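**Student:** Below is target_30.cif; it holds mmCIF, C-alpha atoms and all ligand atoms.
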data_entry
#
loop_
_atom_site.group_PDB
_atom_site.id
_atom_site.type_symbol
_atom_site.label_atom_id
_atom_site.label_comp_id
_atom_site.auth_asym_id
_atom_site.auth_seq_id
_atom_site.Cartn_x
_atom_site.Cartn_y
_atom_site.Cartn_z
ATOM 1 C CA MET A 19 -22.288 12.726 -34.152
ATOM 2 C CA ILE A 20 -20.866 16.133 -33.320
ATOM 3 C CA ASP A 21 -23.558 18.794 -32.777
ATOM 4 C CA LEU A 22 -22.192 22.326 -33.128
ATOM 5 C CA HIS A 23 -24.945 24.155 -31.236
ATOM 6 C CA CYS A 24 -27.519 23.808 -28.478
ATOM 7 C CA ASP A 25 -28.976 26.205 -25.904
ATOM 8 C CA THR A 26 -29.421 23.695 -23.082
ATOM 9 C CA ILE A 27 -27.124 25.548 -20.667
ATOM 10 C CA PHE A 28 -29.142 28.735 -21.172
ATOM 11 C CA SER A 29 -32.363 26.777 -20.527
ATOM 12 C CA LEU A 30 -30.923 25.299 -17.325
ATOM 13 C CA TRP A 31 -29.692 28.727 -16.184
ATOM 14 C CA LYS A 32 -33.072 30.311 -16.955
ATOM 15 C CA GLU A 33 -34.904 27.692 -14.900
ATOM 16 C CA SER A 34 -32.292 28.216 -12.150
ATOM 17 C CA GLY A 35 -32.016 24.840 -10.503
ATOM 18 C CA ALA A 36 -35.382 23.341 -11.512
ATOM 19 C CA TYR A 37 -33.730 20.835 -13.850
ATOM 20 C CA THR A 38 -30.380 19.195 -14.394
ATOM 21 C CA LEU A 39 -28.485 18.123 -17.499
ATOM 22 C CA ALA A 40 -28.781 14.563 -16.232
ATOM 23 C CA ASP A 41 -32.582 14.726 -16.056
ATOM 24 C CA ASN A 42 -34.855 17.316 -17.672
ATOM 25 C CA PRO A 43 -37.810 17.678 -20.062
ATOM 26 C CA PHE A 44 -35.634 19.409 -22.695
ATOM 27 C CA SER A 45 -34.302 18.003 -25.975
ATOM 28 C CA ILE A 46 -30.834 17.352 -24.576
ATOM 29 C CA SER A 47 -30.072 15.280 -21.503
ATOM 30 C CA ALA A 48 -27.201 12.973 -20.675
ATOM 31 C CA VAL A 49 -29.294 9.896 -21.500
ATOM 32 C CA ARG A 50 -30.505 11.219 -24.853
ATOM 33 C CA LEU A 51 -26.962 12.216 -25.834
ATOM 34 C CA ARG A 52 -25.715 8.712 -25.033
ATOM 35 C CA ASP A 53 -28.655 7.065 -26.804
ATOM 36 C CA GLY A 54 -27.944 9.266 -29.841
ATOM 37 C CA GLY A 55 -24.309 8.170 -29.991
ATOM 38 C CA VAL A 56 -23.166 11.789 -29.679
ATOM 39 C CA ARG A 57 -19.382 12.063 -29.368
ATOM 40 C CA GLY A 58 -19.225 15.824 -29.063
ATOM 41 C CA GLN A 59 -22.020 18.159 -28.007
ATOM 42 C CA CYS A 60 -21.294 21.873 -28.250
ATOM 43 C CA PHE A 61 -22.916 23.715 -25.353
ATOM 44 C CA ALA A 62 -23.271 27.428 -26.044
ATOM 45 C CA LEU A 63 -23.132 29.936 -23.226
ATOM 46 C CA PHE A 64 -25.783 32.235 -24.685
ATOM 47 C CA THR A 65 -25.708 35.631 -22.995
ATOM 48 C CA PRO A 66 -29.067 37.407 -23.298
ATOM 49 C CA MET A 67 -28.466 41.138 -23.689
ATOM 50 C CA HIS A 68 -31.998 42.437 -24.170
ATOM 51 C CA SER A 69 -34.155 39.322 -23.829
ATOM 52 C CA GLY A 70 -37.893 39.372 -23.220
ATOM 53 C CA VAL A 71 -37.243 38.243 -19.647
ATOM 54 C CA PRO A 72 -35.635 41.328 -18.092
ATOM 55 C CA ALA A 73 -35.892 39.899 -14.567
ATOM 56 C CA LEU A 74 -33.251 37.385 -15.630
ATOM 57 C CA HIS A 75 -30.575 39.973 -16.098
ATOM 58 C CA SER A 76 -31.716 42.989 -14.150
ATOM 59 C CA GLY A 77 -28.718 44.452 -12.422
ATOM 60 C CA LYS A 78 -26.337 41.926 -13.968
ATOM 61 C CA SER A 79 -23.757 42.796 -16.579
ATOM 62 C CA PRO A 80 -23.311 40.550 -19.634
ATOM 63 C CA TRP A 81 -19.931 39.464 -18.247
ATOM 64 C CA GLN A 82 -21.572 38.482 -14.936
ATOM 65 C CA ILE A 83 -24.217 36.513 -16.834
ATOM 66 C CA VAL A 84 -21.725 34.596 -18.950
ATOM 67 C CA ASN A 85 -19.820 33.750 -15.765
ATOM 68 C CA GLU A 86 -23.038 32.390 -14.234
ATOM 69 C CA LEU A 87 -23.696 30.378 -17.396
ATOM 70 C CA HIS A 88 -20.173 28.990 -17.201
ATOM 71 C CA ASP A 89 -20.757 27.940 -13.574
ATOM 72 C CA VAL A 90 -23.920 26.103 -14.700
ATOM 73 C CA PHE A 91 -21.964 24.406 -17.506
ATOM 74 C CA VAL A 92 -19.191 23.233 -15.156
ATOM 75 C CA ARG A 93 -21.592 21.983 -12.475
ATOM 76 C CA GLU A 94 -24.120 20.319 -14.772
ATOM 77 C CA THR A 95 -21.678 18.508 -17.053
ATOM 78 C CA ALA A 96 -19.794 17.216 -13.993
ATOM 79 C CA GLU A 97 -22.973 15.987 -12.291
ATOM 80 C CA ALA A 98 -24.217 14.387 -15.512
ATOM 81 C CA GLY A 99 -20.887 12.607 -15.968
ATOM 82 C CA ILE A 100 -20.123 14.287 -19.282
ATOM 83 C CA PRO A 101 -16.442 15.233 -19.467
ATOM 84 C CA MET A 102 -15.400 18.356 -21.319
ATOM 85 C CA MET A 103 -13.505 17.598 -24.520
ATOM 86 C CA ASP A 104 -9.861 17.822 -23.517
ATOM 87 C CA SER A 105 -8.418 17.269 -26.957
ATOM 88 C CA VAL A 106 -10.083 16.433 -30.256
ATOM 89 C CA SER A 107 -8.379 13.027 -30.280
ATOM 90 C CA GLY A 108 -10.258 12.261 -27.042
ATOM 91 C CA LEU A 109 -13.553 12.347 -28.930
ATOM 92 C CA SER A 110 -12.850 8.790 -30.043
ATOM 93 C CA ASP A 111 -12.938 7.188 -26.561
ATOM 94 C CA GLY A 112 -16.576 6.071 -26.790
ATOM 95 C CA ASN A 113 -17.988 8.698 -24.374
ATOM 96 C CA VAL A 114 -20.130 11.778 -24.861
ATOM 97 C CA HIS A 115 -18.030 14.955 -24.560
ATOM 98 C CA ALA A 116 -19.069 18.525 -23.877
ATOM 99 C CA ILE A 117 -17.534 21.143 -26.154
ATOM 100 C CA LEU A 118 -17.749 24.660 -24.740
ATOM 101 C CA THR A 119 -18.840 27.511 -27.047
ATOM 102 C CA THR A 120 -20.308 30.998 -26.630
ATOM 103 C CA GLU A 121 -23.098 32.863 -28.417
ATOM 104 C CA GLU A 122 -23.414 36.694 -28.271
ATOM 105 C CA GLY A 123 -20.021 38.390 -28.337
ATOM 106 C CA GLY A 124 -21.477 41.216 -26.232
ATOM 107 C CA ALA A 125 -20.639 38.950 -23.273
ATOM 108 C CA ILE A 126 -17.064 40.286 -23.251
ATOM 109 C CA GLU A 127 -18.363 43.897 -23.197
ATOM 110 C CA GLY A 128 -15.826 44.984 -25.809
ATOM 111 C CA ASP A 129 -12.873 43.881 -23.640
ATOM 112 C CA ILE A 130 -10.815 41.776 -26.057
ATOM 113 C CA SER A 131 -8.525 40.548 -23.248
ATOM 114 C CA ARG A 132 -11.477 38.546 -21.885
ATOM 115 C CA LEU A 133 -11.169 36.181 -24.873
ATOM 116 C CA GLU A 134 -8.143 34.798 -23.078
ATOM 117 C CA ILE A 135 -10.325 33.999 -20.059
ATOM 118 C CA LEU A 136 -12.812 32.232 -22.347
ATOM 119 C CA ARG A 137 -9.959 30.199 -23.749
ATOM 120 C CA GLU A 138 -8.863 29.258 -20.212
ATOM 121 C CA TRP A 139 -12.422 28.019 -19.623
ATOM 122 C CA GLY A 140 -11.944 25.851 -22.716
ATOM 123 C CA VAL A 141 -14.146 27.781 -25.151
ATOM 124 C CA ARG A 142 -13.513 26.460 -28.680
ATOM 125 C CA ILE A 143 -16.033 28.494 -30.686
ATOM 126 C CA PHE A 144 -16.963 32.175 -30.211
ATOM 127 C CA GLY A 145 -20.140 33.641 -31.764
ATOM 128 C CA LEU A 146 -19.658 37.307 -32.621
ATOM 129 C CA THR A 147 -23.285 38.464 -32.354
ATOM 130 C CA TRP A 148 -26.771 37.312 -31.576
ATOM 131 C CA ASN A 149 -29.692 39.202 -33.110
ATOM 132 C CA TRP A 150 -28.648 42.630 -31.775
ATOM 133 C CA GLU A 151 -25.882 45.064 -32.481
ATOM 134 C CA ASN A 152 -23.039 44.796 -29.978
ATOM 135 C CA GLU A 153 -19.487 46.162 -29.519
ATOM 136 C CA LEU A 154 -18.196 43.807 -32.219
ATOM 137 C CA GLY A 155 -20.686 44.125 -35.051
ATOM 138 C CA TYR A 156 -24.209 43.944 -36.401
ATOM 139 C CA PRO A 157 -26.710 41.100 -36.635
ATOM 140 C CA ASN A 158 -28.493 39.515 -39.578
ATOM 141 C CA SER A 159 -31.453 41.645 -40.503
ATOM 142 C CA ARG A 160 -34.188 42.083 -43.092
ATOM 143 C CA ASP A 161 -33.083 45.725 -43.236
ATOM 144 C CA PRO A 162 -30.506 45.808 -46.067
ATOM 145 C CA GLU A 163 -28.658 48.697 -44.458
ATOM 146 C CA ILE A 164 -27.997 46.769 -41.230
ATOM 147 C CA MET A 165 -27.387 43.518 -43.138
ATOM 148 C CA GLY A 166 -24.672 45.195 -45.193
ATOM 149 C CA LYS A 167 -22.724 46.531 -42.235
ATOM 150 C CA GLY A 168 -19.315 44.999 -41.600
ATOM 151 C CA LEU A 169 -17.547 44.303 -38.325
ATOM 152 C CA LYS A 170 -16.663 47.154 -35.997
ATOM 153 C CA GLU A 171 -13.016 47.825 -35.153
ATOM 154 C CA LYS A 172 -13.340 45.683 -32.016
ATOM 155 C CA GLY A 173 -14.961 42.918 -34.039
ATOM 156 C CA ILE A 174 -11.932 42.753 -36.311
ATOM 157 C CA GLU A 175 -9.705 42.727 -33.217
ATOM 158 C CA ALA A 176 -11.790 39.886 -31.764
ATOM 159 C CA VAL A 177 -11.426 37.826 -34.954
ATOM 160 C CA GLU A 178 -7.647 38.346 -34.934
ATOM 161 C CA GLU A 179 -7.375 37.507 -31.226
ATOM 162 C CA CYS A 180 -9.476 34.346 -31.710
ATOM 163 C CA GLY A 181 -7.011 33.334 -34.433
ATOM 164 C CA ARG A 182 -4.120 33.832 -32.027
ATOM 165 C CA LEU A 183 -5.856 31.818 -29.287
ATOM 166 C CA GLY A 184 -7.120 28.976 -31.488
ATOM 167 C CA ILE A 185 -10.783 29.863 -30.945
ATOM 168 C CA ILE A 186 -13.014 29.314 -34.000
ATOM 169 C CA VAL A 187 -15.181 32.292 -34.998
ATOM 170 C CA ASP A 188 -18.894 31.574 -35.443
ATOM 171 C CA VAL A 189 -20.782 33.701 -38.005
ATOM 172 C CA SER A 190 -24.292 32.376 -37.279
ATOM 173 C CA HIS A 191 -26.541 35.388 -36.490
ATOM 174 C CA LEU A 192 -24.025 37.832 -38.020
ATOM 175 C CA SER A 193 -24.769 40.413 -40.743
ATOM 176 C CA ASP A 194 -23.738 39.653 -44.335
ATOM 177 C CA GLY A 195 -21.158 42.453 -44.170
ATOM 178 C CA GLY A 196 -19.758 40.955 -40.971
ATOM 179 C CA PHE A 197 -19.513 37.538 -42.636
ATOM 180 C CA MET A 198 -17.343 38.984 -45.392
ATOM 181 C CA ASP A 199 -15.085 40.681 -42.823
ATOM 182 C CA VAL A 200 -14.627 37.407 -40.937
ATOM 183 C CA ALA A 201 -13.658 35.770 -44.235
ATOM 184 C CA ARG A 202 -11.137 38.578 -44.763
ATOM 185 C CA TYR A 203 -9.570 38.638 -41.282
ATOM 186 C CA SER A 204 -9.855 35.071 -39.966
ATOM 187 C CA LYS A 205 -6.648 33.064 -40.260
ATOM 188 C CA LEU A 206 -8.383 29.905 -39.042
ATOM 189 C CA PRO A 207 -11.312 28.182 -40.746
ATOM 190 C CA PHE A 208 -14.514 29.764 -39.446
ATOM 191 C CA VAL A 209 -17.957 28.247 -39.035
ATOM 192 C CA ALA A 210 -21.677 28.930 -39.067
ATOM 193 C CA THR A 211 -22.587 26.608 -36.202
ATOM 194 C CA HIS A 212 -26.359 26.700 -36.771
ATOM 195 C CA SER A 213 -27.525 28.197 -40.098
ATOM 196 C CA ASP A 214 -29.432 26.856 -43.102
ATOM 197 C CA CYS A 215 -29.632 27.895 -46.780
ATOM 198 C CA ARG A 216 -31.166 31.254 -47.752
ATOM 199 C CA SER A 217 -31.882 30.226 -51.321
ATOM 200 C CA VAL A 218 -34.089 27.402 -49.976
ATOM 201 C CA THR A 219 -35.725 29.433 -47.171
ATOM 202 C CA SER A 220 -35.507 33.212 -47.283
ATOM 203 C CA ALA A 221 -34.755 33.793 -43.560
ATOM 204 C CA SER A 222 -31.996 36.366 -43.014
ATOM 205 C CA ARG A 223 -30.471 33.949 -40.445
ATOM 206 C CA ASN A 224 -29.649 31.589 -43.302
ATOM 207 C CA LEU A 225 -26.539 31.563 -45.516
ATOM 208 C CA THR A 226 -26.422 32.625 -49.144
ATOM 209 C CA ASP A 227 -24.944 30.310 -51.760
ATOM 210 C CA GLU A 228 -21.926 32.617 -51.920
ATOM 211 C CA ASP A 229 -21.510 32.348 -48.111
ATOM 212 C CA LEU A 230 -21.554 28.556 -48.375
ATOM 213 C CA ARG A 231 -18.841 28.579 -51.047
ATOM 214 C CA ILE A 232 -16.706 31.042 -49.075
ATOM 215 C CA LEU A 233 -17.064 28.916 -45.936
ATOM 216 C CA ALA A 234 -15.974 25.857 -47.907
ATOM 217 C CA ASP A 235 -13.024 27.751 -49.453
ATOM 218 C CA HIS A 236 -11.854 28.658 -45.935
ATOM 219 C CA GLY A 237 -12.172 25.068 -44.720
ATOM 220 C CA GLY A 238 -15.171 25.869 -42.535
ATOM 221 C CA VAL A 239 -18.567 24.260 -42.063
ATOM 222 C CA ALA A 240 -22.253 25.135 -41.714
ATOM 223 C CA GLY A 241 -24.288 23.208 -39.137
ATOM 224 C CA LEU A 242 -27.841 22.239 -40.131
ATOM 225 C CA ASN A 243 -30.303 24.070 -37.854
ATOM 226 C CA LEU A 244 -33.594 22.277 -37.077
ATOM 227 C CA CYS A 245 -35.512 25.509 -36.377
ATOM 228 C CA PRO A 246 -38.851 25.541 -38.306
ATOM 229 C CA ALA A 247 -38.477 29.192 -39.393
ATOM 230 C CA PHE A 248 -35.125 28.486 -41.080
ATOM 231 C CA LEU A 249 -36.221 25.214 -42.701
ATOM 232 C CA SER A 250 -39.368 26.380 -44.475
ATOM 233 C CA ASP A 251 -41.218 29.511 -45.565
ATOM 234 C CA ASP A 252 -44.413 28.319 -43.836
ATOM 235 C CA ASP A 253 -46.217 31.065 -41.995
ATOM 236 C CA PRO A 254 -47.772 29.357 -38.935
ATOM 237 C CA ALA A 255 -50.205 31.254 -36.706
ATOM 238 C CA THR A 256 -48.101 30.580 -33.631
ATOM 239 C CA GLU A 257 -44.530 29.406 -32.999
ATOM 240 C CA ALA A 258 -45.909 26.306 -31.278
ATOM 241 C CA GLU A 259 -47.598 25.235 -34.528
ATOM 242 C CA ALA A 260 -44.469 25.672 -36.657
ATOM 243 C CA GLU A 261 -43.200 22.394 -38.053
ATOM 244 C CA SER A 262 -39.622 21.201 -38.317
ATOM 245 C CA ARG A 263 -39.843 18.509 -40.994
ATOM 246 C CA ILE A 264 -37.246 15.974 -42.056
ATOM 247 C CA SER A 265 -38.198 16.496 -45.718
ATOM 248 C CA ASP A 266 -37.209 20.182 -45.406
ATOM 249 C CA MET A 267 -33.933 19.286 -43.700
ATOM 250 C CA VAL A 268 -33.134 17.030 -46.652
ATOM 251 C CA ARG A 269 -33.810 19.894 -49.098
ATOM 252 C CA HIS A 270 -31.401 22.181 -47.222
ATOM 253 C CA VAL A 271 -28.645 19.613 -46.857
ATOM 254 C CA MET A 272 -28.859 18.579 -50.513
ATOM 255 C CA HIS A 273 -28.729 22.215 -51.580
ATOM 256 C CA ALA A 274 -25.650 22.958 -49.441
ATOM 257 C CA TYR A 275 -24.004 19.794 -50.788
ATOM 258 C CA ARG A 276 -24.699 20.703 -54.435
ATOM 259 C CA THR A 277 -23.626 24.312 -53.874
ATOM 260 C CA ALA A 278 -20.462 23.950 -51.793
ATOM 261 C CA GLY A 279 -19.528 20.266 -51.690
ATOM 262 C CA ASP A 280 -19.299 17.635 -48.979
ATOM 263 C CA GLU A 281 -16.658 19.336 -46.797
ATOM 264 C CA VAL A 282 -18.978 22.137 -45.661
ATOM 265 C CA LEU A 283 -21.722 19.894 -44.227
ATOM 266 C CA ALA A 284 -22.220 19.659 -40.479
ATOM 267 C CA ILE A 285 -24.927 19.590 -37.790
ATOM 268 C CA GLY A 286 -25.957 22.392 -35.437
ATOM 269 C CA THR A 287 -29.360 21.353 -34.144
ATOM 270 C CA ASP A 288 -30.116 24.422 -31.986
ATOM 271 C CA PHE A 289 -31.896 22.053 -29.586
ATOM 272 C CA ASP A 290 -33.400 23.793 -26.558
ATOM 273 C CA GLY A 291 -33.238 27.080 -28.435
ATOM 274 C CA ILE A 292 -36.043 26.220 -30.887
ATOM 275 C CA GLY A 293 -39.776 25.634 -30.544
ATOM 276 C CA GLY A 294 -42.545 24.081 -32.593
ATOM 277 C CA ARG A 295 -43.408 20.559 -33.659
ATOM 278 C CA LEU A 296 -40.052 18.895 -34.140
ATOM 279 C CA GLU A 297 -39.997 15.668 -36.170
ATOM 280 C CA ILE A 298 -36.571 15.208 -34.621
ATOM 281 C CA PRO A 299 -37.084 16.311 -31.012
ATOM 282 C CA SER A 300 -33.815 15.034 -29.537
ATOM 283 C CA PRO A 301 -30.382 13.655 -30.485
ATOM 284 C CA ASP A 302 -31.477 10.017 -30.148
ATOM 285 C CA ARG A 303 -33.741 10.547 -33.208
ATOM 286 C CA MET A 304 -31.090 11.953 -35.533
ATOM 287 C CA HIS A 305 -30.860 8.553 -37.216
ATOM 288 C CA LEU A 306 -34.197 9.404 -38.895
ATOM 289 C CA LEU A 307 -32.500 12.261 -40.769
ATOM 290 C CA ARG A 308 -29.551 10.090 -41.648
ATOM 291 C CA ASP A 309 -31.871 7.456 -43.110
ATOM 292 C CA ALA A 310 -33.802 10.108 -45.068
ATOM 293 C CA LEU A 311 -30.594 11.538 -46.543
ATOM 294 C CA ALA A 312 -29.403 8.067 -47.503
ATOM 295 C CA SER A 313 -32.766 7.457 -49.209
ATOM 296 C CA ALA A 314 -32.313 10.757 -51.078
ATOM 297 C CA GLY A 315 -29.054 9.365 -52.472
ATOM 298 C CA MET A 316 -26.398 10.714 -50.128
ATOM 299 C CA LYS A 317 -23.468 8.344 -49.839
ATOM 300 C CA GLN A 318 -22.465 6.972 -46.437
ATOM 301 C CA SER A 319 -19.016 8.525 -46.824
ATOM 302 C CA VAL A 320 -20.624 11.971 -47.201
ATOM 303 C CA LEU A 321 -22.986 11.314 -44.289
ATOM 304 C CA ASP A 322 -19.959 10.395 -42.162
ATOM 305 C CA LYS A 323 -18.390 13.760 -42.983
ATOM 306 C CA MET A 324 -21.588 15.617 -42.159
ATOM 307 C CA TRP A 325 -22.219 13.705 -38.936
ATOM 308 C CA ASP A 326 -18.817 14.375 -37.429
ATOM 309 C CA GLY A 327 -15.846 14.224 -39.801
ATOM 310 C CA ASN A 328 -16.006 17.821 -40.996
ATOM 311 C CA ALA A 329 -16.623 19.357 -37.563
ATOM 312 C CA GLU A 330 -13.794 17.257 -36.149
ATOM 313 C CA ARG A 331 -11.460 18.499 -38.908
ATOM 314 C CA VAL A 332 -12.159 22.167 -38.098
ATOM 315 C CA LEU A 333 -11.851 21.641 -34.329
ATOM 316 C CA LEU A 334 -8.545 19.870 -34.882
ATOM 317 C CA GLU A 335 -7.152 22.594 -37.108
ATOM 318 C CA ALA A 336 -7.916 25.247 -34.467
ATOM 319 C CA GLU A 337 -6.607 23.029 -31.677
ATOM 320 C CA GLU A 338 -3.105 23.142 -33.123
ATOM 321 C CA VAL A 339 -3.145 26.840 -32.138
ATOM 322 C CA PHE A 340 -5.309 26.401 -29.014
ATOM 323 C CA ARG A 341 -2.959 24.047 -27.171
HETATM 324 ZN ZN ZN A 401 -28.618 30.970 -32.107
#
Could you rewrite the structure in this file as structure tokens?

**Tutor:**
Amino acid sequence: MIDLHCDTIFSLWKESGAYTLADNPFSISAVRLRDGGVRGQCFALFTPMHSGVPALHSGKSPWQIVNELHDVFVRETAEAGIPMMDSVSGLSDGNVHAILTTEEGGAIEGDISRLEILREWGVRIFGLTWNWENELGYPNSRDPEIMGKGLKEKGIEAVEECGRLGIIVDVSHLSDGGFMDVARYSKLPFVATHSDCRSVTSASRNLTDEDLRILADHGGVAGLNLCPAFLSDDDPATEAEAESRISDMVRHVMHAYRTAGDEVLAIGTDFDGIGGRLEIPSPDRMHLLRDALASAGMKQSVLDKMWDGNAERVLLEAEEVFR
């Protein structure tokens, strides 16, 4: 399996030293990645810009925070014995590999030259926004005016620079207008690392059918997110009671497959960034989803593409520029 998104590094950073990647109570640990047969785990450096925990970033700039997150990534993957993916071909050596990604383009503070530093760190995927406006663009929103806004000038520059550096642009969290601009300006395939289908569940974080087809036309993928709020329109009293059900995952995957074909399917669990009652709480249980999809009629060849083939294809295409 290749998982395009998790927030485990952010969780480790937030708990500052209480846990390690090797051993923790989170969804993702070295053991659970190995037990799950994960070949490539994307670890996002998620830079909180205005989070509900101001003490975390008081006095620190976004660029300082993303540097701290990167230090955590380097230390924790090394101590857990998880090598960073050196080249996509290396994913086939039987080990778990860490793939470095970022979430919240505000981390570079509008300084496009810092994308080159991210590339030197080994960042393969760059998320333009989280759920706030930043120097690059606007987030997904229930407000149609915000949702319709395209990329800012610097956002277009960032997309072009990512293309030059071989970094894949991630449109998860982005506004609909921003999505269309990425489609217009990205020379590489682009991805939605962790987004589900809006015509199945109305969340603004999800992708429209048109988005799915455009992604497929550009050779990109959409990673299935296991977050309860994106999988169903349930309205639980508290986040802790929200349910992430395998039956809902199957509905989303089958819809994406029928809408945009088998080349767009991928996995982006969002582990350690999502709460609730998770029927699949960790990578070592992903086989339950695979079995459910097979029971729903999905062919093994399609499941192989969704589990890692498609993500590997996109990573490889960008790597030809990256190297
Ligand atoms: Zn996210």

**Student:** Interatomic distance between CA of Ser250 in chain A and CA of Asp25 in chain A?

**Tutor:**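 Here the two named atoms are 21.3 Å from each other.
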
**Student:** All residues within 7 Å of ligand ZN 401 (chain A) are required, counting all atoms listed in the file; please report them as a PDB file with C-alpha atoms, keeping the file's coordinate frame.

**Tutor:**
ATOM      1  CA  GLU A 121     -23.098  32.863 -28.417  1.00  0.00           C
ATOM      2  CA  TRP A 148     -26.771  37.312 -31.576  1.00  0.00           C
ATOM      3  CA  SER A 190     -24.292  32.376 -37.279  1.00  0.00           C
ATOM      4  CA  HIS A 191     -26.541  35.388 -36.490  1.00  0.00           C
ATOM      5  CA  HIS A 212     -26.359  26.700 -36.771  1.00  0.00           C
ATOM      6  CA  ASP A 288     -30.116  24.422 -31.986  1.00  0.00           C
TER       7      ASP A 288
END

**Student:** Hey, what's within 8 Å of Ile46 in chain A if we count all atoms listed in the file and toss same-chain stuff fewer than 6 positions away? As a PyMOL selection string, please?

**Tutor:** chain A and resi 26+39+289-290+300-301

**Student:** In terms of the shortest atom-to-atom distance over all atoms listed in the file, which of A:Ile143, A:Val200, A:Met272, A:Ile126 is closest to Ile186 in chain A?

**Tutor:**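 Once distances to Ile186 in chain A are computed over all atoms listed in the file, the minimum belongs to A:Ile143.
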
**Student:** For Ser204 in chain A, find every residue with an atom within 12 Å (counting only C-alpha atoms), except residues of its own chain fewer than 2 positions away, and show them as a PyMOL selection string.

**Tutor:** chain A and resi 173-189+196-202+206-209+233+236-238+336

**Student:** Selection in question (the file shown): the PyMOL selection byres (((chain A and resi 284) around 9) and not hetatm). Which residues does it include, as a compact mmCIF listing (two decimals) with C-alpha atoms, keeping the file's coordinate frame?

**Tutor:**
# COMPACT_ATOMS: atom_id res chain seq x y z
CA ILE A 20 -20.87 16.13 -33.32
CA ASP A 21 -23.56 18.79 -32.78
CA LEU A 22 -22.19 22.33 -33.13
CA THR A 211 -22.59 26.61 -36.20
CA HIS A 212 -26.36 26.70 -36.77
CA VAL A 239 -18.57 24.26 -42.06
CA ALA A 240 -22.25 25.14 -41.71
CA GLY A 241 -24.29 23.21 -39.14
CA LEU A 242 -27.84 22.24 -40.13
CA GLU A 281 -16.66 19.34 -46.80
CA VAL A 282 -18.98 22.14 -45.66
CA LEU A 283 -21.72 19.89 -44.23
CA ILE A 285 -24.93 19.59 -37.79
CA GLY A 286 -25.96 22.39 -35.44
CA LYS A 323 -18.39 13.76 -42.98
CA MET A 324 -21.59 15.62 -42.16
CA TRP A 325 -22.22 13.70 -38.94
CA ASP A 326 -18.82 14.38 -37.43
CA GLY A 327 -15.85 14.22 -39.80
CA ASN A 328 -16.01 17.82 -41.00
CA ALA A 329 -16.62 19.36 -37.56

**Student:** Compile the contact shell of Asp41 in chain A as JSON, numbers by chain: residues with an atom at most 10 Å away, counting only C-alpha atoms, same-chain residues fewer than 5 positions apart removed.

**Tutor:** {"A": [46, 47, 48, 49, 50, 98]}

**Student:** Which one of A:Arg132, A:Thr219, A:Ser79, A:Met103 sits closest to Asp253 in chain A if you count only C-alpha atoms?

**Tutor:**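 Among the listed residues, the smallest separation from Asp253 in chain A belongs to A:Thr219.
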
**Student:** What's the separation between CA of Glu163 in chain A and CA of Ala62 in chain A, in Å to one decimal place?

**Tutor:** 28.6 Å

**Student:** Which residues, written as a list in words, have at least one atom at most 8 Å from range 266-269 of chain A, with only C-alpha atoms counted and residues fewer than 5 positions away on the same chain left out?

**Tutor:**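 In the requested form, the answer reads Val218, Leu242, Leu244, Leu249, Ser250, Leu307, Ala310, Leu311 and Ala314 of chain A.
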
**Student:** Which of these, A:Tyr275, A:Asn85, A:Cys245, A:Asp252, has the shortest distance to Leu296 in chain A once you count all atoms listed in the file?

**Tutor:**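 With all atoms listed in the file as the atom set, the closest residue is A:Cys245.
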
**Student:** Contacts of Trp31 in chain A at 8 Å or less, counting all atoms listed in the file, minus same-chain residues fewer than 3 places along, as a list of chain:residue names?

**Tutor:**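 Once the adjacent positions are removed, what remains is A:Ile27, A:Phe28, A:Ser34, A:Gly35, A:Glu86, A:Leu87, A:Val90.
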
**Student:** Can you tell me how far CA of Glu261 in chain A sits from CA of Ala221 in chain A, in Å to one decimal?

**Tutor:** 15.2 Å

**Student:** Measuring between only C-alpha atoms, which one of A:Asp111, A:Glu330, A:Asp280, A:Asp129 shows the shortest distance to Lys317 in chain A?

**Tutor:**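 Of all the options, A:Asp280 lies closest to Lys317 in chain A.
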
**Student:** Smallest atom-to-atom distance to Pro162 in chain A: which of A:Ser222, A:Ser313, A:Ser131, A:Thr65, using only C-alpha atoms?

**Tutor:**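 The answer is A:Ser222, which sits nearest to Pro162 in chain A.
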
**Student:** Run the PyMOL selection byres (((chain A and resi 55) around 8) and not hetatm) on the file and write out the hits as a ChimeraX atom specification.

**Tutor:** /A:19,51-54,56-57,114,302

**Student:** Using only C-alpha atoms for the distances, tell me which of A:Ala258, A:Val271, A:Met102, A:Leu333 is nearest to Asp214 in chain A.

**Tutor:**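 Checking each of A:Ala258, A:Val271, A:Met102, A:Leu333 against Asp214 in chain A, counting only C-alpha atoms, the winner is A:Val271.
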